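Colleague: Sharing input-v3.txt, compact mmCIF, N, CA and C atoms:
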# COMPACT_ATOMS: atom_id res chain seq x y z
N MET A 1 -2.89 -15.37 8.80
CA MET A 1 -1.69 -15.04 8.07
C MET A 1 -0.48 -15.29 8.97
N ARG A 2 0.50 -15.91 8.39
CA ARG A 2 1.70 -16.20 9.17
C ARG A 2 2.83 -15.24 8.88
N THR A 3 2.75 -14.54 7.76
CA THR A 3 3.79 -13.60 7.40
C THR A 3 3.71 -12.40 8.35
N LYS A 4 4.85 -12.04 8.90
CA LYS A 4 4.86 -10.93 9.85
C LYS A 4 5.60 -9.71 9.32
N SER A 5 5.82 -9.66 8.01
CA SER A 5 6.46 -8.48 7.44
C SER A 5 5.88 -8.21 6.05
N LEU A 6 5.98 -6.97 5.64
CA LEU A 6 5.60 -6.57 4.29
C LEU A 6 6.88 -6.67 3.46
N THR A 7 6.92 -7.61 2.54
CA THR A 7 8.12 -7.84 1.73
C THR A 7 7.90 -7.28 0.34
N LEU A 8 8.85 -6.49 -0.13
CA LEU A 8 8.76 -5.87 -1.45
C LEU A 8 9.84 -6.43 -2.37
N SER A 9 9.47 -6.69 -3.61
CA SER A 9 10.47 -7.03 -4.62
C SER A 9 11.31 -5.78 -4.86
N VAL A 10 12.46 -5.97 -5.48
CA VAL A 10 13.32 -4.83 -5.81
C VAL A 10 12.57 -3.86 -6.72
N LEU A 11 11.84 -4.38 -7.70
CA LEU A 11 11.06 -3.53 -8.62
C LEU A 11 10.07 -2.65 -7.86
N ALA A 12 9.29 -3.25 -6.98
CA ALA A 12 8.30 -2.48 -6.21
C ALA A 12 8.98 -1.43 -5.34
N TYR A 13 10.05 -1.81 -4.68
CA TYR A 13 10.76 -0.88 -3.80
C TYR A 13 11.35 0.29 -4.59
N LEU A 14 11.97 0.01 -5.73
CA LEU A 14 12.57 1.09 -6.52
C LEU A 14 11.51 2.01 -7.11
N LYS A 15 10.37 1.48 -7.49
CA LYS A 15 9.27 2.32 -7.95
C LYS A 15 8.83 3.28 -6.85
N LEU A 16 8.70 2.76 -5.64
CA LEU A 16 8.30 3.60 -4.51
C LEU A 16 9.36 4.66 -4.21
N GLN A 17 10.61 4.26 -4.23
CA GLN A 17 11.70 5.22 -4.02
C GLN A 17 11.64 6.34 -5.06
N TYR A 18 11.43 5.96 -6.31
CA TYR A 18 11.35 6.94 -7.38
C TYR A 18 10.17 7.89 -7.15
N MET A 19 9.00 7.33 -6.86
CA MET A 19 7.81 8.16 -6.64
C MET A 19 8.03 9.12 -5.48
N CYS A 20 8.67 8.65 -4.45
CA CYS A 20 8.87 9.48 -3.26
C CYS A 20 9.85 10.62 -3.52
N ASN A 21 10.84 10.37 -4.37
CA ASN A 21 11.89 11.37 -4.57
C ASN A 21 11.75 12.19 -5.85
N ALA A 22 10.96 11.74 -6.80
CA ALA A 22 10.84 12.45 -8.08
C ALA A 22 9.88 13.62 -8.02
N VAL A 23 8.90 13.55 -7.14
CA VAL A 23 7.90 14.61 -7.05
C VAL A 23 7.74 15.07 -5.60
N ASP A 24 7.28 16.29 -5.43
CA ASP A 24 7.10 16.84 -4.09
C ASP A 24 5.65 16.77 -3.63
N VAL A 25 4.92 15.80 -4.13
CA VAL A 25 3.54 15.59 -3.71
C VAL A 25 3.39 14.17 -3.19
N GLU A 26 2.40 13.96 -2.35
CA GLU A 26 2.11 12.63 -1.84
C GLU A 26 1.52 11.81 -2.98
N VAL A 27 1.99 10.60 -3.15
CA VAL A 27 1.54 9.72 -4.23
C VAL A 27 1.13 8.39 -3.62
N GLY A 28 0.02 7.83 -4.09
CA GLY A 28 -0.44 6.56 -3.55
C GLY A 28 -0.79 5.56 -4.62
N GLY A 29 -0.80 4.32 -4.22
CA GLY A 29 -1.18 3.25 -5.11
C GLY A 29 -1.38 1.96 -4.31
N TYR A 30 -1.36 0.87 -5.03
CA TYR A 30 -1.59 -0.43 -4.40
C TYR A 30 -0.40 -1.35 -4.62
N GLY A 31 -0.14 -2.15 -3.60
CA GLY A 31 0.84 -3.21 -3.74
C GLY A 31 0.18 -4.39 -4.42
N LEU A 32 0.84 -4.95 -5.42
CA LEU A 32 0.34 -6.11 -6.14
C LEU A 32 1.04 -7.34 -5.60
N ALA A 33 0.29 -8.19 -4.93
CA ALA A 33 0.87 -9.37 -4.29
C ALA A 33 1.27 -10.41 -5.31
N LYS A 34 2.37 -11.06 -5.03
CA LYS A 34 2.92 -12.08 -5.91
C LYS A 34 1.94 -13.22 -6.12
N SER A 35 1.28 -13.65 -5.03
CA SER A 35 0.34 -14.77 -5.13
C SER A 35 -0.59 -14.75 -3.92
N LEU A 36 -1.65 -15.53 -4.00
CA LEU A 36 -2.55 -15.65 -2.84
C LEU A 36 -1.85 -16.35 -1.68
N ALA A 37 -0.88 -17.20 -2.01
CA ALA A 37 -0.14 -17.90 -0.95
C ALA A 37 0.82 -16.97 -0.22
N GLN A 38 1.21 -15.86 -0.86
CA GLN A 38 2.10 -14.88 -0.25
C GLN A 38 1.50 -13.48 -0.39
N PRO A 39 0.40 -13.21 0.31
CA PRO A 39 -0.31 -11.94 0.11
C PRO A 39 0.43 -10.70 0.59
N LEU A 40 1.46 -10.87 1.41
CA LEU A 40 2.22 -9.71 1.87
C LEU A 40 3.57 -9.59 1.17
N TYR A 41 3.75 -10.36 0.10
CA TYR A 41 4.93 -10.22 -0.75
C TYR A 41 4.51 -9.37 -1.95
N ILE A 42 5.00 -8.14 -2.00
CA ILE A 42 4.60 -7.19 -3.02
C ILE A 42 5.56 -7.28 -4.20
N ASP A 43 5.02 -7.76 -5.31
CA ASP A 43 5.80 -7.95 -6.52
C ASP A 43 5.90 -6.67 -7.34
N ASP A 44 4.89 -5.78 -7.21
CA ASP A 44 4.87 -4.55 -7.99
C ASP A 44 4.07 -3.49 -7.25
N PHE A 45 4.31 -2.25 -7.58
CA PHE A 45 3.56 -1.11 -7.06
C PHE A 45 2.83 -0.48 -8.24
N VAL A 46 1.51 -0.30 -8.09
CA VAL A 46 0.69 0.20 -9.19
C VAL A 46 0.07 1.55 -8.78
N LEU A 47 0.36 2.58 -9.55
CA LEU A 47 -0.27 3.89 -9.34
C LEU A 47 -1.70 3.85 -9.84
N VAL A 48 -2.55 4.61 -9.17
CA VAL A 48 -3.94 4.74 -9.56
C VAL A 48 -4.21 6.23 -9.73
N GLN A 49 -5.05 6.59 -10.70
CA GLN A 49 -5.37 7.99 -10.94
C GLN A 49 -5.81 8.63 -9.63
N GLN A 50 -5.29 9.84 -9.36
CA GLN A 50 -5.52 10.48 -8.08
C GLN A 50 -5.32 11.98 -8.15
N SER A 51 -5.77 12.66 -7.09
CA SER A 51 -5.48 14.08 -6.88
C SER A 51 -4.55 14.14 -5.68
N CYS A 52 -3.53 14.99 -5.75
CA CYS A 52 -2.60 15.02 -4.63
C CYS A 52 -1.92 16.38 -4.50
N ASN A 53 -1.38 16.62 -3.29
CA ASN A 53 -0.53 17.76 -3.02
C ASN A 53 0.57 17.29 -2.07
N SER A 54 1.27 18.20 -1.44
CA SER A 54 2.42 17.80 -0.62
C SER A 54 2.06 17.02 0.64
N SER A 55 0.82 17.06 1.05
CA SER A 55 0.47 16.35 2.28
C SER A 55 -0.84 15.56 2.19
N TYR A 56 -1.30 15.32 0.97
CA TYR A 56 -2.61 14.69 0.83
C TYR A 56 -2.72 14.02 -0.53
N MET A 57 -3.34 12.86 -0.57
CA MET A 57 -3.67 12.22 -1.84
C MET A 57 -5.04 11.58 -1.71
N GLU A 58 -5.78 11.63 -2.81
CA GLU A 58 -7.10 11.01 -2.83
C GLU A 58 -7.28 10.32 -4.18
N PHE A 59 -7.62 9.04 -4.13
CA PHE A 59 -7.85 8.30 -5.36
C PHE A 59 -9.10 8.81 -6.07
N ASP A 60 -9.03 8.84 -7.39
CA ASP A 60 -10.16 9.18 -8.23
C ASP A 60 -11.08 7.96 -8.30
N ASP A 61 -12.38 8.15 -8.11
CA ASP A 61 -13.31 7.01 -8.10
C ASP A 61 -13.28 6.22 -9.41
N LEU A 62 -13.23 6.92 -10.54
CA LEU A 62 -13.15 6.24 -11.82
C LEU A 62 -11.81 5.52 -11.97
N GLY A 63 -10.75 6.14 -11.46
CA GLY A 63 -9.43 5.52 -11.49
C GLY A 63 -9.41 4.22 -10.71
N ILE A 64 -10.04 4.22 -9.54
CA ILE A 64 -10.13 2.99 -8.73
C ILE A 64 -10.93 1.93 -9.48
N ALA A 65 -12.07 2.33 -10.04
CA ALA A 65 -12.91 1.36 -10.76
C ALA A 65 -12.15 0.75 -11.94
N ASN A 66 -11.43 1.58 -12.69
CA ASN A 66 -10.65 1.08 -13.81
C ASN A 66 -9.53 0.15 -13.35
N PHE A 67 -8.86 0.52 -12.28
CA PHE A 67 -7.79 -0.32 -11.73
C PHE A 67 -8.34 -1.68 -11.32
N MET A 68 -9.44 -1.68 -10.57
CA MET A 68 -10.03 -2.94 -10.11
C MET A 68 -10.45 -3.82 -11.30
N GLU A 69 -11.05 -3.20 -12.29
CA GLU A 69 -11.48 -3.95 -13.47
C GLU A 69 -10.28 -4.52 -14.23
N ASP A 70 -9.23 -3.71 -14.39
CA ASP A 70 -8.03 -4.17 -15.09
C ASP A 70 -7.38 -5.35 -14.37
N MET A 71 -7.28 -5.27 -13.05
CA MET A 71 -6.66 -6.36 -12.29
C MET A 71 -7.49 -7.63 -12.38
N ALA A 72 -8.81 -7.50 -12.29
CA ALA A 72 -9.68 -8.67 -12.41
C ALA A 72 -9.56 -9.28 -13.81
N ASP A 73 -9.50 -8.43 -14.84
CA ASP A 73 -9.34 -8.92 -16.21
C ASP A 73 -8.03 -9.67 -16.40
N LEU A 74 -7.00 -9.27 -15.64
CA LEU A 74 -5.71 -9.95 -15.73
C LEU A 74 -5.66 -11.23 -14.90
N GLY A 75 -6.76 -11.53 -14.18
CA GLY A 75 -6.85 -12.77 -13.43
C GLY A 75 -6.41 -12.69 -11.98
N TYR A 76 -6.19 -11.49 -11.48
CA TYR A 76 -5.80 -11.34 -10.08
C TYR A 76 -7.02 -11.39 -9.17
N SER A 77 -6.83 -11.89 -7.98
CA SER A 77 -7.84 -11.90 -6.94
C SER A 77 -7.79 -10.56 -6.19
N PRO A 78 -8.91 -10.05 -5.67
CA PRO A 78 -8.86 -8.81 -4.88
C PRO A 78 -7.86 -8.88 -3.73
N ALA A 79 -7.63 -10.06 -3.18
CA ALA A 79 -6.65 -10.20 -2.10
C ALA A 79 -5.23 -9.91 -2.59
N GLN A 80 -5.01 -9.94 -3.89
CA GLN A 80 -3.69 -9.65 -4.44
C GLN A 80 -3.51 -8.18 -4.81
N TYR A 81 -4.61 -7.47 -5.09
CA TYR A 81 -4.43 -6.11 -5.59
C TYR A 81 -5.19 -5.03 -4.82
N ALA A 82 -6.09 -5.37 -3.93
CA ALA A 82 -6.92 -4.33 -3.32
C ALA A 82 -6.78 -4.22 -1.81
N ARG A 83 -5.79 -4.83 -1.24
CA ARG A 83 -5.68 -4.84 0.22
C ARG A 83 -4.50 -4.06 0.78
N ILE A 84 -3.53 -3.75 -0.08
CA ILE A 84 -2.31 -3.10 0.43
C ILE A 84 -2.18 -1.72 -0.19
N TRP A 85 -2.49 -0.72 0.62
CA TRP A 85 -2.42 0.68 0.22
C TRP A 85 -1.04 1.21 0.60
N ILE A 86 -0.29 1.67 -0.40
CA ILE A 86 1.05 2.21 -0.15
C ILE A 86 1.07 3.64 -0.66
N HIS A 87 1.61 4.55 0.16
CA HIS A 87 1.74 5.93 -0.29
C HIS A 87 2.99 6.57 0.28
N THR A 88 3.33 7.71 -0.31
CA THR A 88 4.54 8.42 0.09
C THR A 88 4.20 9.60 0.99
N HIS A 89 5.17 9.98 1.79
CA HIS A 89 5.12 11.21 2.58
C HIS A 89 6.37 12.00 2.21
N PRO A 90 6.31 12.84 1.20
CA PRO A 90 7.52 13.52 0.72
C PRO A 90 8.05 14.60 1.66
N GLU A 91 7.20 15.14 2.50
CA GLU A 91 7.65 16.25 3.34
C GLU A 91 7.47 16.01 4.83
N MET A 92 7.24 14.75 5.21
CA MET A 92 7.11 14.44 6.63
C MET A 92 7.50 13.00 6.87
N ALA A 93 7.56 12.63 8.12
CA ALA A 93 7.95 11.27 8.49
C ALA A 93 6.90 10.27 8.00
N ALA A 94 7.24 9.02 8.05
CA ALA A 94 6.34 7.96 7.58
C ALA A 94 5.28 7.59 8.60
N THR A 95 5.04 8.44 9.54
CA THR A 95 3.98 8.23 10.53
C THR A 95 2.63 8.59 9.92
N PRO A 96 1.60 7.76 10.11
CA PRO A 96 0.29 8.07 9.53
C PRO A 96 -0.29 9.39 10.07
N SER A 97 -0.83 10.18 9.16
CA SER A 97 -1.53 11.41 9.55
C SER A 97 -2.96 11.04 9.94
N GLN A 98 -3.69 12.00 10.47
CA GLN A 98 -5.09 11.75 10.79
C GLN A 98 -5.89 11.43 9.53
N THR A 99 -5.54 12.09 8.42
CA THR A 99 -6.20 11.78 7.14
C THR A 99 -5.92 10.35 6.73
N ASP A 100 -4.67 9.90 6.90
CA ASP A 100 -4.33 8.50 6.60
C ASP A 100 -5.16 7.54 7.44
N GLU A 101 -5.27 7.83 8.72
CA GLU A 101 -6.03 6.97 9.62
C GLU A 101 -7.50 6.91 9.21
N THR A 102 -8.06 8.06 8.86
CA THR A 102 -9.46 8.11 8.43
C THR A 102 -9.65 7.32 7.13
N THR A 103 -8.75 7.53 6.18
CA THR A 103 -8.83 6.80 4.91
C THR A 103 -8.73 5.30 5.13
N PHE A 104 -7.78 4.87 5.94
CA PHE A 104 -7.59 3.44 6.21
C PHE A 104 -8.83 2.85 6.88
N ALA A 105 -9.39 3.58 7.82
CA ALA A 105 -10.58 3.09 8.53
C ALA A 105 -11.79 3.02 7.61
N GLU A 106 -11.98 4.04 6.78
CA GLU A 106 -13.18 4.10 5.93
C GLU A 106 -13.08 3.28 4.65
N LYS A 107 -11.96 3.30 4.00
CA LYS A 107 -11.83 2.67 2.68
C LYS A 107 -11.36 1.21 2.73
N PHE A 108 -10.84 0.78 3.85
CA PHE A 108 -10.28 -0.57 3.93
C PHE A 108 -10.91 -1.39 5.06
N SER A 109 -12.18 -1.13 5.34
CA SER A 109 -12.86 -1.86 6.41
C SER A 109 -13.75 -2.98 5.90
N ASP A 110 -14.01 -3.04 4.59
CA ASP A 110 -14.89 -4.07 4.04
C ASP A 110 -14.19 -5.41 3.82
N SER A 111 -12.89 -5.39 3.64
CA SER A 111 -12.16 -6.64 3.41
C SER A 111 -11.79 -7.29 4.74
N ASP A 112 -11.47 -8.58 4.70
CA ASP A 112 -11.15 -9.27 5.94
C ASP A 112 -9.80 -8.84 6.52
N TRP A 113 -8.90 -8.32 5.67
CA TRP A 113 -7.63 -7.78 6.15
C TRP A 113 -7.15 -6.69 5.20
N ALA A 114 -6.25 -5.85 5.69
CA ALA A 114 -5.69 -4.77 4.86
C ALA A 114 -4.38 -4.29 5.48
N VAL A 115 -3.59 -3.60 4.66
CA VAL A 115 -2.33 -3.02 5.11
C VAL A 115 -2.26 -1.58 4.63
N MET A 116 -1.79 -0.70 5.53
CA MET A 116 -1.44 0.67 5.17
C MET A 116 0.07 0.76 5.29
N ALA A 117 0.73 1.22 4.22
CA ALA A 117 2.19 1.35 4.23
C ALA A 117 2.57 2.74 3.73
N ILE A 118 3.61 3.30 4.34
CA ILE A 118 4.06 4.65 4.02
C ILE A 118 5.58 4.65 3.92
N ILE A 119 6.09 5.41 2.95
CA ILE A 119 7.54 5.61 2.84
C ILE A 119 7.80 7.10 2.71
N SER A 120 8.87 7.59 3.35
CA SER A 120 9.21 9.01 3.29
C SER A 120 10.50 9.20 2.49
N LYS A 121 10.82 10.46 2.20
CA LYS A 121 12.05 10.76 1.46
C LYS A 121 13.30 10.35 2.22
N THR A 122 13.20 10.27 3.53
CA THR A 122 14.36 9.87 4.33
C THR A 122 14.47 8.34 4.41
N ASN A 123 13.62 7.64 3.64
CA ASN A 123 13.58 6.18 3.60
C ASN A 123 13.01 5.58 4.89
N ASP A 124 12.37 6.42 5.70
CA ASP A 124 11.65 5.95 6.87
C ASP A 124 10.42 5.21 6.36
N THR A 125 10.08 4.09 6.96
CA THR A 125 8.93 3.32 6.51
C THR A 125 7.99 3.02 7.67
N TYR A 126 6.76 2.77 7.31
CA TYR A 126 5.73 2.40 8.28
C TYR A 126 4.78 1.43 7.58
N ALA A 127 4.39 0.38 8.27
CA ALA A 127 3.37 -0.52 7.75
C ALA A 127 2.55 -1.06 8.91
N ARG A 128 1.25 -1.14 8.68
CA ARG A 128 0.35 -1.69 9.70
C ARG A 128 -0.63 -2.64 9.04
N TYR A 129 -0.75 -3.79 9.63
CA TYR A 129 -1.62 -4.86 9.16
C TYR A 129 -2.83 -4.90 10.09
N LYS A 130 -4.03 -4.96 9.52
CA LYS A 130 -5.22 -5.07 10.38
C LYS A 130 -6.14 -6.16 9.86
N VAL A 131 -6.82 -6.77 10.80
CA VAL A 131 -7.82 -7.80 10.51
C VAL A 131 -9.17 -7.20 10.85
N ASN A 132 -10.12 -7.31 9.93
CA ASN A 132 -11.47 -6.81 10.13
C ASN A 132 -12.40 -8.02 10.30
N SER A 133 -12.64 -8.39 11.51
CA SER A 133 -13.55 -9.51 11.78
C SER A 133 -14.23 -9.25 13.12
N HIS A 134 -14.91 -10.24 13.63
CA HIS A 134 -15.57 -10.05 14.92
C HIS A 134 -14.54 -9.80 16.02
N ILE A 135 -13.32 -10.25 15.82
CA ILE A 135 -12.22 -9.91 16.72
C ILE A 135 -11.22 -9.12 15.90
N SER A 136 -11.23 -7.80 16.06
CA SER A 136 -10.33 -6.95 15.28
C SER A 136 -8.91 -7.02 15.85
N MET A 137 -7.95 -6.93 14.95
CA MET A 137 -6.56 -6.93 15.34
C MET A 137 -5.81 -5.96 14.45
N CYS A 138 -4.87 -5.27 15.02
CA CYS A 138 -4.07 -4.33 14.26
C CYS A 138 -2.66 -4.39 14.82
N GLU A 139 -1.67 -4.55 13.94
CA GLU A 139 -0.29 -4.57 14.43
C GLU A 139 0.64 -3.95 13.41
N ARG A 140 1.65 -3.28 13.92
CA ARG A 140 2.67 -2.72 13.05
C ARG A 140 3.58 -3.85 12.59
N ILE A 141 3.94 -3.83 11.31
CA ILE A 141 4.81 -4.85 10.76
C ILE A 141 5.98 -4.17 10.03
N PRO A 142 7.14 -4.81 10.00
CA PRO A 142 8.28 -4.20 9.32
C PRO A 142 8.23 -4.35 7.81
N TRP A 143 8.95 -3.49 7.11
CA TRP A 143 9.18 -3.60 5.67
C TRP A 143 10.47 -4.39 5.47
N VAL A 144 10.47 -5.22 4.44
CA VAL A 144 11.68 -5.95 4.05
C VAL A 144 11.78 -5.86 2.53
N VAL A 145 12.95 -5.62 2.02
CA VAL A 145 13.17 -5.64 0.57
C VAL A 145 13.85 -6.95 0.23
N ASP A 146 13.30 -7.67 -0.73
CA ASP A 146 13.85 -8.95 -1.17
C ASP A 146 14.92 -8.66 -2.22
N TRP A 147 16.12 -8.36 -1.78
CA TRP A 147 17.21 -7.99 -2.69
C TRP A 147 17.63 -9.16 -3.57
N GLU A 148 17.17 -10.35 -3.26
CA GLU A 148 17.50 -11.53 -4.06
C GLU A 148 16.55 -11.71 -5.25
N SER A 149 15.44 -10.96 -5.26
CA SER A 149 14.44 -11.15 -6.33
C SER A 149 14.89 -10.54 -7.64
Output the file's structure in the form of structure tokens.
Modeller:
Amino acid sequence: MRTKSLTLSVLAYLKLQYMCNAVDVEVGGYGLAKSLAQPLYIDDFVLVQQSCNSSYMEFDDLGIANFMEDMADLGYSPAQYARIWIHTHPEMAATPSQTDETTFAEKFSDSDWAVMAIISKTNDTYARYKVNSHISMCERIPWVVDWES
């Protein structure tokens, strides 16, 4: 991958801002990539059925299955809809918690790459890109909003 930033369309960014500020619970979903050629360009943010509170969110297994099936039915590749986990931190900084680290390690280790991204109410952001291969790599990447989109 040559892209070194997580780029969000205005729509995706505003949805995340709304989710972060409208409710006092942690909310998570997936970034929907614009294309396979631009896998780190997030065209939309999609909520998935989940359980959550102010410091924790967990996807519902049936909700994940339905989401994956819906995206496949719409013709998306898993690289476009299942690799970028985005969630809010309404009452703390955008730094990953231990629960976030465990979730990222356990739920996103089967794909060849994945991203964990977090946004807080103070508009603090965090994103980390990791490669899961015989040579593992993990690096923090910046968020960019494509205000021209």
Colleague: Just how far from CA of Ala12 in chain A is CA of Asp43 in chain A, in Å to one decimal?
Modeller: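 Spanning CA of Asp43 in chain A to CA of Ala12 in chain A is a straight-line distance of 6.0 Å.
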Colleague: Pick from A:Val25, A:Met116, A:Asp124, A:His134: nearest to Asn53 in chain A, with all atoms listed in the file counted?
Modeller: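 Once distances to Asn53 in chain A are computed over all atoms listed in the file, the minimum belongs to A:Val25.
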Colleague: List the spatial neighbours of Arg83 in chain A as a PyMOL selection string - criterion: any atom at most 8 Å away, only N, CA and C atoms, same-chain residues fewer than 4 positions off excluded.
Modeller: chain A and resi 30-33+77-79+108+111+113-116
Colleague: Counting only C-alpha atoms, what is within 12 Å of Gln98 in chain A, bar same-chain residues fewer than 4 positions away, as an NGL selection string?
Modeller: :A and (55-56 or 102-105)
Colleague: Using all atoms listed in the file, pick whichever of A:Glu91, A:Tyr76, A:Leu11, A:Ile141 has the shortest atom-to-atom distance to Tyr129 in chain A.
Modeller: A:Ile141
Colleague: Name the closest residue to Ile84 in chain A among the candidates A:Tyr41, A:Ser51, A:Ala117, A:Glu148; distances are taken between atoms, counting only N, CA and C atoms.
Modeller: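 Nearest candidate to Ile84 in chain A out of A:Tyr41, A:Ser51, A:Ala117, A:Glu148: A:Ala117.
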Colleague: Using all atoms listed in the file, which of A:Lys130, A:Lys4, A:His89, A:Lys15 sits nearest Val27 in chain A?
Modeller: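 Of A:Lys130, A:Lys4, A:His89, A:Lys15, the one nearest Val27 in chain A, counting all atoms listed in the file, is A:His89.
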Colleague: By how many Å are atom N of Gly63 in chain A and CA of Leu47 in chain A apart?
Modeller: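 Interatomic distance here is 10.9 Å.
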Colleague: Quote the spacing between CA of Pro39 in chain A and atom N of Leu6 in chain A in Å to one decimal place.
Modeller: 9.7 Å
Colleague: Please return as a short mmCIF file (atom, residue, chain, number, x, y, z; two decimals) with N, CA and C atoms, in the coordinates of the input: the residues of range 13-144 of chain A that backbone DSSP assigns to helix (DSSP H, G or I).
Modeller:
data_model
loop_
_atom_site.label_atom_id
_atom_site.label_comp_id
_atom_site.auth_asym_id
_atom_site.auth_seq_id
_atom_site.Cartn_x
_atom_site.Cartn_y
_atom_site.Cartn_z
N TYR A 13 10.05 -1.81 -4.68
CA TYR A 13 10.76 -0.88 -3.80
C TYR A 13 11.35 0.29 -4.59
N LEU A 14 11.97 0.01 -5.73
CA LEU A 14 12.57 1.09 -6.52
C LEU A 14 11.51 2.01 -7.11
N LYS A 15 10.37 1.48 -7.49
CA LYS A 15 9.27 2.32 -7.95
C LYS A 15 8.83 3.28 -6.85
N LEU A 16 8.70 2.76 -5.64
CA LEU A 16 8.30 3.60 -4.51
C LEU A 16 9.36 4.66 -4.21
N GLN A 17 10.61 4.26 -4.23
CA GLN A 17 11.70 5.22 -4.02
C GLN A 17 11.64 6.34 -5.06
N TYR A 18 11.43 5.96 -6.31
CA TYR A 18 11.35 6.94 -7.38
C TYR A 18 10.17 7.89 -7.15
N MET A 19 9.00 7.33 -6.86
CA MET A 19 7.81 8.16 -6.64
C MET A 19 8.03 9.12 -5.48
N CYS A 20 8.67 8.65 -4.45
CA CYS A 20 8.87 9.48 -3.26
C CYS A 20 9.85 10.62 -3.52
N ASN A 21 10.84 10.37 -4.37
CA ASN A 21 11.89 11.37 -4.57
C ASN A 21 11.75 12.19 -5.85
N ALA A 22 10.96 11.74 -6.80
CA ALA A 22 10.84 12.45 -8.08
C ALA A 22 9.88 13.62 -8.02
N ASP A 61 -12.38 8.15 -8.11
CA ASP A 61 -13.31 7.01 -8.10
C ASP A 61 -13.28 6.22 -9.41
N LEU A 62 -13.23 6.92 -10.54
CA LEU A 62 -13.15 6.24 -11.82
C LEU A 62 -11.81 5.52 -11.97
N GLY A 63 -10.75 6.14 -11.46
CA GLY A 63 -9.43 5.52 -11.49
C GLY A 63 -9.41 4.22 -10.71
N ILE A 64 -10.04 4.22 -9.54
CA ILE A 64 -10.13 2.99 -8.73
C ILE A 64 -10.93 1.93 -9.48
N ALA A 65 -12.07 2.33 -10.04
CA ALA A 65 -12.91 1.36 -10.76
C ALA A 65 -12.15 0.75 -11.94
N ASN A 66 -11.43 1.58 -12.69
CA ASN A 66 -10.65 1.08 -13.81
C ASN A 66 -9.53 0.15 -13.35
N PHE A 67 -8.86 0.52 -12.28
CA PHE A 67 -7.79 -0.32 -11.73
C PHE A 67 -8.34 -1.68 -11.32
N MET A 68 -9.44 -1.68 -10.57
CA MET A 68 -10.03 -2.94 -10.11
C MET A 68 -10.45 -3.82 -11.30
N GLU A 69 -11.05 -3.20 -12.29
CA GLU A 69 -11.48 -3.95 -13.47
C GLU A 69 -10.28 -4.52 -14.23
N ASP A 70 -9.23 -3.71 -14.39
CA ASP A 70 -8.03 -4.17 -15.09
C ASP A 70 -7.38 -5.35 -14.37
N MET A 71 -7.28 -5.27 -13.05
CA MET A 71 -6.66 -6.36 -12.29
C MET A 71 -7.49 -7.63 -12.38
N ALA A 72 -8.81 -7.50 -12.29
CA ALA A 72 -9.68 -8.67 -12.41
C ALA A 72 -9.56 -9.28 -13.81
N ASP A 73 -9.50 -8.43 -14.84
CA ASP A 73 -9.34 -8.92 -16.21
C ASP A 73 -8.03 -9.67 -16.40
N PRO A 78 -8.91 -10.05 -5.67
CA PRO A 78 -8.86 -8.81 -4.88
C PRO A 78 -7.86 -8.88 -3.73
N ALA A 79 -7.63 -10.06 -3.18
CA ALA A 79 -6.65 -10.20 -2.10
C ALA A 79 -5.23 -9.91 -2.59
N GLN A 80 -5.01 -9.94 -3.89
CA GLN A 80 -3.69 -9.65 -4.44
C GLN A 80 -3.51 -8.18 -4.81
N TYR A 81 -4.61 -7.47 -5.09
CA TYR A 81 -4.43 -6.11 -5.59
C TYR A 81 -5.19 -5.03 -4.82
N GLN A 98 -3.69 12.00 10.47
CA GLN A 98 -5.09 11.75 10.79
C GLN A 98 -5.89 11.43 9.53
N THR A 99 -5.54 12.09 8.42
CA THR A 99 -6.20 11.78 7.14
C THR A 99 -5.92 10.35 6.73
N ASP A 100 -4.67 9.90 6.90
CA ASP A 100 -4.33 8.50 6.60
C ASP A 100 -5.16 7.54 7.44
N GLU A 101 -5.27 7.83 8.72
CA GLU A 101 -6.03 6.97 9.62
C GLU A 101 -7.50 6.91 9.21
N THR A 102 -8.06 8.06 8.86
CA THR A 102 -9.46 8.11 8.43
C THR A 102 -9.65 7.32 7.13
N THR A 103 -8.75 7.53 6.18
CA THR A 103 -8.83 6.80 4.91
C THR A 103 -8.73 5.30 5.13
N PHE A 104 -7.78 4.87 5.94
CA PHE A 104 -7.59 3.44 6.21
C PHE A 104 -8.83 2.85 6.88
N ALA A 105 -9.39 3.58 7.82
CA ALA A 105 -10.58 3.09 8.53
C ALA A 105 -11.79 3.02 7.61
N GLU A 106 -11.98 4.04 6.78
CA GLU A 106 -13.18 4.10 5.93
C GLU A 106 -13.08 3.28 4.65
N LYS A 107 -11.96 3.30 4.00
CA LYS A 107 -11.83 2.67 2.68
C LYS A 107 -11.36 1.21 2.73
#
Colleague: Give the answer as one residue: which of A:Cys52, A:Ile119, A:Met19, A:Leu40 has the shortest atom-to-atom distance to Ile86 in chain A, using all atoms listed in the file?
Modeller: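 Closest to Ile86 in chain A, using all atoms listed in the file: A:Ile119.
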Colleague: Skip Asn123 in chain A itself and residues of its chain fewer than 6 positions away, then list as a ChimeraX atom specification all residues within 9 Å of it, counting only C-alpha atoms.
Modeller: /A:17,20,94
Colleague: Take the selection from the previous step and output its residues with N, CA and C atoms, as a short mmCIF file (atom, residue, chain, number, x, y, z; two decimals), keeping the file's coordinate frame.
Modeller:
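The new file result_3.cif reads:
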data_model
loop_
_atom_site.label_atom_id
_atom_site.label_comp_id
_atom_site.auth_asym_id
_atom_site.auth_seq_id
_atom_site.Cartn_x
_atom_site.Cartn_y
_atom_site.Cartn_z
N GLN A 17 10.61 4.26 -4.23
CA GLN A 17 11.70 5.22 -4.02
C GLN A 17 11.64 6.34 -5.06
N CYS A 20 8.67 8.65 -4.45
CA CYS A 20 8.87 9.48 -3.26
C CYS A 20 9.85 10.62 -3.52
N ALA A 94 7.24 9.02 8.05
CA ALA A 94 6.34 7.96 7.58
C ALA A 94 5.28 7.59 8.60
#
